[in-house]
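K.L.:
Below you'll find the structure I mean.
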Amino acid sequence: MPAHEPSGSLESLPNIGPECAKALRAAGIETAEELRDVGSVEAAARLRRALGSDAVCRSRLSALEGAVRGVRWHAIPKPERDELWRELERRRRSGSP
């Protein structure tokens with residue numbers, strides 16, 4: 001990790017590069033702790049509200065979940081990644097915030 005980044009920065013998390021961190025900040029998520037607190041599905045929902053429905057694909061949602069767990073997203077079993085996507089889509093369809 002570069003010396004200028006605090007340990008609680010979004011960029012300190014696995015799967016979160018500069019562009020994803022910028023998007024998260026635009027959605028109101030400023031730190032790694034905030035991302036862990038809200039969770040991947042809520043973070044993805046906030047990204048969609050802030051940046052539009054195209055802001056989140058399955059890969060980005062998986063990356064967010066990996067960041068929350070502290071692992072590369074490929075380490076999350078596919079059935080779990082699929083369930084996260086279904087939950088995000090249920091929120092979208094129901095109009096949940």
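Scheme for the structure tokens: letters A, B, ... for chains in order shown; per-chain residue numbers from 1; ligand numbers from 1 in order shown.
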Within 7 Å of Ala26 in chain A, counting only C-alpha atoms, which residues qualify if same-chain residues fewer than 3 places away don't, as number ranges by chain?

P.N.:
A: 22-23, 50

K.L.:
Nearest to Arg60 in chain A among A:Pro77, A:Gly95, A:Gly17, A:Gly28, with distances taken over only C-alpha atoms: which residue is it?

P.N.:
A:Gly17

K.L.:
Per DSSP on the backbone, what are the helix (DSSP H, G or I) residues of chain A, as a ChimeraX atom specification?

P.N.:
/A:10-12,18-26,32-51,53-55,58-69,73-75,78-94

K.L.:
Find the residue from A:Pro14, A:Ser9, A:Ser40, A:Leu51 that sits nearest to Trp73 in chain A; use only C-alpha atoms when measuring.

P.N.:
A:Pro14

K.L.:
For a test of reading the model, state the distance in Å between CA of Ala27 in chain A and CA of Arg48 in chain A, rounded to one decimal.

P.N.:
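Going from CA of Ala27 in chain A over to CA of Arg48 in chain A, I get 8.4 Å.
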
K.L.:
Could you list, as a ChimeraX atom specification, every residue within 10 Å of range 82-85 of chain A, counting only C-alpha atoms and ignoring same-chain residues fewer than 2 positions away?

P.N.:
/A:40-41,44,56-59,61-62,65,77-80,87-91

K.L.:
Store the residues picked out above, limited to N, CA and C atoms, as a JSON list (two decimals), in the first residue's frame.

P.N.:
```
[["chain", "number", "residue", "atom", "x", "y", "z"],
["A", 40, "SER", "N", -21.93, -5.15, 0.76],
["A", 40, "SER", "CA", -21.78, -5.06, -0.69],
["A", 40, "SER", "C", -23.09, -4.75, -1.42],
["A", 41, "VAL", "N", -24.18, -5.34, -1.00],
["A", 41, "VAL", "CA", -25.45, -5.13, -1.71],
["A", 41, "VAL", "C", -25.93, -3.70, -1.53],
["A", 44, "ALA", "N", -23.73, -1.44, -3.57],
["A", 44, "ALA", "CA", -24.09, -1.52, -4.98],
["A", 44, "ALA", "C", -25.38, -0.74, -5.26],
["A", 56, "VAL", "N", -23.30, -0.85, -11.82],
["A", 56, "VAL", "CA", -23.00, -2.10, -11.13],
["A", 56, "VAL", "C", -23.34, -3.28, -12.01],
["A", 57, "CYS", "N", -22.34, -4.11, -12.22],
["A", 57, "CYS", "CA", -22.52, -5.38, -12.91],
["A", 57, "CYS", "C", -22.20, -6.48, -11.90],
["A", 58, "ARG", "N", -22.34, -7.71, -12.31],
["A", 58, "ARG", "CA", -22.05, -8.83, -11.40],
["A", 58, "ARG", "C", -20.61, -8.78, -10.89],
["A", 59, "SER", "N", -19.69, -8.43, -11.77],
["A", 59, "SER", "CA", -18.28, -8.40, -11.37],
["A", 59, "SER", "C", -18.03, -7.33, -10.31],
["A", 61, "LEU", "N", -20.22, -6.08, -8.18],
["A", 61, "LEU", "CA", -20.84, -6.52, -6.94],
["A", 61, "LEU", "C", -19.96, -7.56, -6.25],
["A", 62, "SER", "N", -19.42, -8.49, -7.02],
["A", 62, "SER", "CA", -18.52, -9.50, -6.45],
["A", 62, "SER", "C", -17.26, -8.86, -5.88],
["A", 65, "GLU", "N", -18.14, -7.34, -2.55],
["A", 65, "GLU", "CA", -18.27, -8.37, -1.52],
["A", 65, "GLU", "C", -16.89, -8.88, -1.10],
["A", 77, "PRO", "N", -17.38, -18.27, -3.58],
["A", 77, "PRO", "CA", -18.01, -19.30, -4.40],
["A", 77, "PRO", "C", -19.12, -18.71, -5.29],
["A", 78, "LYS", "N", -19.21, -19.23, -6.50],
["A", 78, "LYS", "CA", -20.18, -18.71, -7.47],
["A", 78, "LYS", "C", -21.61, -18.71, -6.94],
["A", 79, "PRO", "N", -22.06, -19.75, -6.23],
["A", 79, "PRO", "CA", -23.43, -19.70, -5.71],
["A", 79, "PRO", "C", -23.65, -18.50, -4.77],
["A", 80, "GLU", "N", -22.64, -18.14, -4.00],
["A", 80, "GLU", "CA", -22.77, -16.98, -3.12],
["A", 80, "GLU", "C", -22.80, -15.68, -3.93],
["A", 87, "GLU", "N", -30.17, -10.77, -4.71],
["A", 87, "GLU", "CA", -30.60, -9.82, -3.68],
["A", 87, "GLU", "C", -30.60, -8.39, -4.21],
["A", 88, "LEU", "N", -29.58, -8.01, -4.95],
["A", 88, "LEU", "CA", -29.53, -6.67, -5.53],
["A", 88, "LEU", "C", -30.68, -6.48, -6.51],
["A", 89, "GLU", "N", -30.95, -7.47, -7.31],
["A", 89, "GLU", "CA", -32.05, -7.37, -8.28],
["A", 89, "GLU", "C", -33.41, -7.34, -7.58],
["A", 90, "ARG", "N", -33.57, -8.09, -6.48],
["A", 90, "ARG", "CA", -34.81, -8.02, -5.71],
["A", 90, "ARG", "C", -35.04, -6.60, -5.19],
["A", 91, "ARG", "N", -33.99, -5.98, -4.71],
["A", 91, "ARG", "CA", -34.09, -4.60, -4.23],
["A", 91, "ARG", "C", -34.53, -3.67, -5.36]]
```

K.L.:
For the atom pair CA of Ile16 in chain A and CA of Arg81 in chain A, what is the interatomic distance in Å to one decimal place?

P.N.:
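Separating CA of Ile16 in chain A from CA of Arg81 in chain A is a distance of 16.9 Å.
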
K.L.:
Counting only C-alpha atoms, figure out which residue out of A:Arg72, A:Ser94, A:Leu47, A:Val38 gets nearest to Ala21 in chain A.

P.N.:
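That would be A:Leu47, the residue with the smallest distance to Ala21 in chain A.
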